[in-house]
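Okay, so here's the structure we're looking at.
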Amino acid sequence: MTEKQDPNGMSRRQLLRHSAWFGTAVALTVAGGEVLSSVAGCASQPQSQPQPTLRFAQISDSHIGFTGTANASVTDTFTEAINQVNGLGYTPDFVIHTGDLTHLATADQFDQVKQMMTSLKTPHIFTVPGEHDTIDFPKYQQAFGADTRGDGWYSFDTAGVHVIALVNTLNLKKLGHLGPDQLDFVQKDVATLSSDTPIVVFSHIPLFAMYPDWGWGTDDAAQALGYLKRFSSVTCLNGHVHQLFSKTEGNVTFHSGTTTAYPLPHPGDGPAPKPVTLPAGKLHDALGIREVSYIKGQQALALKEQALQ
Amino acid sequence: MTAAALLLVVGCSSSSTPAAGPASITFSSDGTPGMVGATTSGSMPMPMPGSSVAPAASDAPNGSNAVNISNFAFAPASLTIPAGSTVTWTNKDEEPHTVVSGDGTTFHSPGMDTGGTYSFTFQNAGTFEYICSIHPMMHGTVVVTK
């Protein structure tokens, strides 16, 4: 399903100009729901689009504390992302931050990002840690780990959707890693659910093999996804890769989200996943927020990507 | 910008979802992970304190016991030293790195930002493999001779 882009064919700037890479994600996203459902509504009763049962926003990879050339102020862009969520025109039922809240997991950085997120206008904010946050995992847990299970994972039910938040940034060998305790949690967590329950899974590192050479995958994800095989709709949302990308494998759709801080290279483009400094004025196009909505009775969740304005 | 625009186009712009309050979803105040967001529409973001930056050493270490971290790699990837020597790692990448021994406990640096350094003194002979815990595809080895 996923086509690996040829990093040698175009420069990054050309890629952005042509939107080739984003275009791939967009096409898949469109197939995933929102536009299809809009078209259906259009054909019959344009004004009667059903109210989503659940609407939430995803933000990711704020990297508070980053001071490199790729973004002169990650606090400014994170503030802009928060304001953009607050300006959606509705109150999201919750906001998920899919990790790398901080750059270096210091107490000050955790305090700062937590304070900033309190201005999100939503009843609830969820998080999962990124590998930058787990440089000092006890500090992450102190800031965000209340009421979680095991090493920071948890699940909840809302509006008929079952949401699972996983931690795959601990005990890394090469790729992301869930570990036996967490796998056991997933198995038991979904055991009593009806197979038509929509499942949403949050993690920082992708649960699919996006680019293993750079650690963009999770070594024991297949086992977790195996427990979710019988469900008709599984949507996995991750951060980590700082760029939009979507992929479908059977009943599961994976959506990598972008960042509020700085872009990373496309897979294999260059020697390492180093922050990319874009030409002046281009940074906001690479950053953004994501809206996710679910309409009861429809299988797929609908995603809308918004570049930072 | 382009991606966002593309997603929202396609025909029915007139049937956009009306702005409305949240669906009736509640999270219990107890036993739910995460944090509560702003509840009043008039709240303004508080000014944030300046971010604190991990102290960065300005001078790269000299001498044969230095390991530089550049382009997500340790250089040299393998270093041989006599027991009692101190190895100093210097991060020359814009991305933070750590130095963590294979057993996770012999040595475990904090996150080193750009220009940051970490030193460890190897008292015992042996072969010590290590990784960057943030980017575990990065591998290095220190061989300590008697």
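Starting from 1 in every chain, residues are counted up; chains themselves are A, B, ... following the order of the structure tokens, and ligands are numbered from 1 as listed.
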
Close residues, Val161 in chain A itself excluded, 10 Å, only C-alpha atoms, min 6 positions apart in chain, as a PyMOL selection string: chain A and resi 53-54+196-200+294+296

Residues near range 76-79 of chain B, cut-off 12 Å, only C-alpha atoms, skip fewer than 4 positions along chain, as a ChimeraX atom specification: /B:64-70,72,85-90,122,126-131,138-145

All residues 9 Å or closer to Val276 in chain A, only C-alpha atoms, same chain fewer than 5 positions away omitted, as a list in words: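 So the residues in contact are Thr69, Ala70, Tyr262, Pro263, Leu264 and Pro265 of chain A.
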
Which residue of B:Pro136, B:Asp93, B:Thr121, B:Thr106 approaches chain A most closely, using only C-alpha atoms: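 Residue with the minimum atom-to-atom distance to chain A: B:Pro136.
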
Please report, as JSON lines, each residue of chain A lying at most 6 Å from chain B, together with the nearest pair of atoms and the separation in Å rounded to one decimal; use only C-alpha atoms, and order rows by chain and ascending residue number.
{"residue": "A:Cys42", "atom": "CA", "partner": "B:Cys12", "partner_atom": "CA", "distance": 5.9}
{"residue": "A:Pro46", "atom": "CA", "partner": "B:Ser15", "partner_atom": "CA", "distance": 5.5}
{"residue": "A:Gln47", "atom": "CA", "partner": "B:Ser15", "partner_atom": "CA", "distance": 5.4}
{"residue": "A:Gly65", "atom": "CA", "partner": "B:Ser51", "partner_atom": "CA", "distance": 5.6}
{"residue": "A:Gly89", "atom": "CA", "partner": "B:Ala19", "partner_atom": "CA", "distance": 5.1}
{"residue": "A:Tyr90", "atom": "CA", "partner": "B:Ala19", "partner_atom": "CA", "distance": 5.2}
{"residue": "A:Thr91", "atom": "CA", "partner": "B:Pro22", "partner_atom": "CA", "distance": 5.3}
{"residue": "A:Asp93", "atom": "CA", "partner": "B:Pro22", "partner_atom": "CA", "distance": 5.8}
{"residue": "A:Leu104", "atom": "CA", "partner": "B:Gly111", "partner_atom": "CA", "distance": 5.8}
{"residue": "A:Thr118", "atom": "CA", "partner": "B:Gly37", "partner_atom": "CA", "distance": 5.0}
{"residue": "A:Ser119", "atom": "CA", "partner": "B:Ala38", "partner_atom": "CA", "distance": 5.1}
{"residue": "A:Leu120", "atom": "CA", "partner": "B:Gly37", "partner_atom": "CA", "distance": 5.3}
{"residue": "A:Lys121", "atom": "CA", "partner": "B:Ala38", "partner_atom": "CA", "distance": 4.7}
{"residue": "A:Thr122", "atom": "CA", "partner": "B:Gly37", "partner_atom": "CA", "distance": 5.0}
{"residue": "A:Pro123", "atom": "CA", "partner": "B:Gly37", "partner_atom": "CA", "distance": 5.3}
{"residue": "A:His124", "atom": "CA", "partner": "B:Val36", "partner_atom": "CA", "distance": 4.6}
{"residue": "A:Ile125", "atom": "CA", "partner": "B:Met35", "partner_atom": "CA", "distance": 5.1}
{"residue": "A:Phe126", "atom": "CA", "partner": "B:Gly34", "partner_atom": "CA", "distance": 4.5}
{"residue": "A:Glu131", "atom": "CA", "partner": "B:Ile134", "partner_atom": "CA", "distance": 5.6}
{"residue": "A:Ala146", "atom": "CA", "partner": "B:Pro33", "partner_atom": "CA", "distance": 5.7}
{"residue": "A:Asp147", "atom": "CA", "partner": "B:Pro33", "partner_atom": "CA", "distance": 4.8}
{"residue": "A:Thr148", "atom": "CA", "partner": "B:Pro33", "partner_atom": "CA", "distance": 5.5}
{"residue": "A:Lys173", "atom": "CA", "partner": "B:Pro136", "partner_atom": "CA", "distance": 5.5}
{"residue": "A:Lys174", "atom": "CA", "partner": "B:Pro136", "partner_atom": "CA", "distance": 4.7}
{"residue": "A:Asp285", "atom": "CA", "partner": "B:Met1", "partner_atom": "CA", "distance": 5.2}
{"residue": "A:Glu305", "atom": "CA", "partner": "B:Ala4", "partner_atom": "CA", "distance": 5.2}
{"residue": "A:Gln306", "atom": "CA", "partner": "B:Ala4", "partner_atom": "CA", "distance": 4.5}
{"residue": "A:Ala307", "atom": "CA", "partner": "B:Met1", "partner_atom": "CA", "distance": 4.7}

Just the selected residues (N, CA and C atoms), exported as a short mmCIF file (atom, residue, chain, number, x, y, z; two decimals), in the first residue's frame, please.
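Just written: result-v1.cif:
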data_model
loop_
_atom_site.label_atom_id
_atom_site.label_comp_id
_atom_site.auth_asym_id
_atom_site.auth_seq_id
_atom_site.Cartn_x
_atom_site.Cartn_y
_atom_site.Cartn_z
N CYS A 42 -23.51 15.18 0.45
CA CYS A 42 -23.76 16.16 -0.59
C CYS A 42 -24.80 15.68 -1.58
N PRO A 46 -27.52 17.97 1.49
CA PRO A 46 -26.30 18.70 1.80
C PRO A 46 -26.25 19.26 3.23
N GLN A 47 -27.38 19.58 3.81
CA GLN A 47 -27.35 20.25 5.11
C GLN A 47 -27.51 19.27 6.28
N GLY A 65 12.15 23.11 24.65
CA GLY A 65 13.55 23.09 25.08
C GLY A 65 14.51 23.03 23.91
N GLY A 89 -13.56 26.04 16.19
CA GLY A 89 -14.99 26.33 16.00
C GLY A 89 -15.87 25.41 16.81
N TYR A 90 -15.27 24.47 17.48
CA TYR A 90 -16.00 23.58 18.40
C TYR A 90 -15.00 23.18 19.49
N THR A 91 -15.51 22.63 20.55
CA THR A 91 -14.63 22.19 21.63
C THR A 91 -14.30 20.73 21.43
N ASP A 93 -13.50 16.99 22.13
CA ASP A 93 -13.81 16.21 23.33
C ASP A 93 -12.57 15.93 24.16
N LEU A 104 14.48 17.50 26.24
CA LEU A 104 15.49 16.85 27.08
C LEU A 104 14.96 16.35 28.42
N THR A 118 -2.32 23.68 29.59
CA THR A 118 -3.52 23.99 30.37
C THR A 118 -4.37 25.05 29.67
N SER A 119 -3.83 25.72 28.67
CA SER A 119 -4.65 26.71 27.96
C SER A 119 -5.45 26.09 26.81
N LEU A 120 -5.29 24.78 26.59
CA LEU A 120 -6.12 24.11 25.58
C LEU A 120 -7.56 24.07 26.05
N LYS A 121 -8.47 24.54 25.20
CA LYS A 121 -9.88 24.57 25.59
C LYS A 121 -10.53 23.25 25.25
N THR A 122 -10.44 22.34 26.17
CA THR A 122 -10.97 20.99 26.00
C THR A 122 -11.15 20.40 27.39
N PRO A 123 -12.11 19.51 27.54
CA PRO A 123 -12.31 18.94 28.87
C PRO A 123 -11.15 18.06 29.33
N HIS A 124 -10.40 17.51 28.37
CA HIS A 124 -9.36 16.58 28.81
C HIS A 124 -8.18 16.54 27.85
N ILE A 125 -7.00 16.40 28.42
CA ILE A 125 -5.77 16.32 27.62
C ILE A 125 -5.07 15.01 27.98
N PHE A 126 -4.79 14.23 26.95
CA PHE A 126 -4.06 12.98 27.17
C PHE A 126 -2.67 13.09 26.55
N GLU A 131 10.52 9.40 23.06
CA GLU A 131 11.82 8.95 23.57
C GLU A 131 12.62 10.11 24.17
N ALA A 146 -0.09 10.24 36.22
CA ALA A 146 -1.12 9.94 37.23
C ALA A 146 -2.21 9.06 36.64
N ASP A 147 -2.61 8.08 37.39
CA ASP A 147 -3.72 7.18 37.02
C ASP A 147 -3.45 6.32 35.79
N THR A 148 -2.22 6.27 35.32
CA THR A 148 -1.92 5.36 34.23
C THR A 148 -1.60 3.99 34.79
N LYS A 173 15.97 -1.17 21.90
CA LYS A 173 17.16 -1.83 21.39
C LYS A 173 17.53 -1.26 20.02
N LYS A 174 16.57 -1.15 19.18
CA LYS A 174 16.77 -0.49 17.90
C LYS A 174 15.49 0.25 17.51
N ASP A 285 4.45 25.58 7.10
CA ASP A 285 3.83 24.60 6.20
C ASP A 285 4.13 23.16 6.64
N GLU A 305 -6.01 17.21 8.32
CA GLU A 305 -4.72 17.79 8.69
C GLU A 305 -4.78 19.29 8.45
N GLN A 306 -4.27 20.03 9.39
CA GLN A 306 -4.18 21.49 9.22
C GLN A 306 -2.74 21.91 9.41
N ALA A 307 -2.17 22.56 8.41
CA ALA A 307 -0.84 23.14 8.60
C ALA A 307 -0.96 24.30 9.58
#

Secondary structure check, strand (DSSP E) residues of range 203-245 of chain A, as a list of chain:residue names: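 Secondary structure check on range 203-245 of chain A, strand (DSSP E): A:Ser203, A:Val234, A:Thr235, A:Cys236, A:Leu237, A:Asn238, A:Phe245.
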
Range 233-250 of chain A environment, 8 Å, only C-alpha atoms, sequence neighbours closer than 2 positions dropped, as a PyMOL selection string: chain A and resi 1-2+21-22+24-25+28-29+60-61+98-100+130+196-207+216+228+231+252-259+262-264+266+286+299-301

Distance criterion (only C-alpha atoms): nearest to Tyr154 in chain A out of A:Gln182, A:Ile96, A:Gln141, A:Ser194: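 Checking each of A:Gln182, A:Ile96, A:Gln141, A:Ser194 against Tyr154 in chain A, counting only C-alpha atoms, the winner is A:Gln182.
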
CA of Ala165 in chain A to CA of Val186 in chain A, distance in Å rounded to a single decimal: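 Straight-line distance from CA of Ala165 in chain A to CA of Val186 in chain A works out to 9.8 Å.
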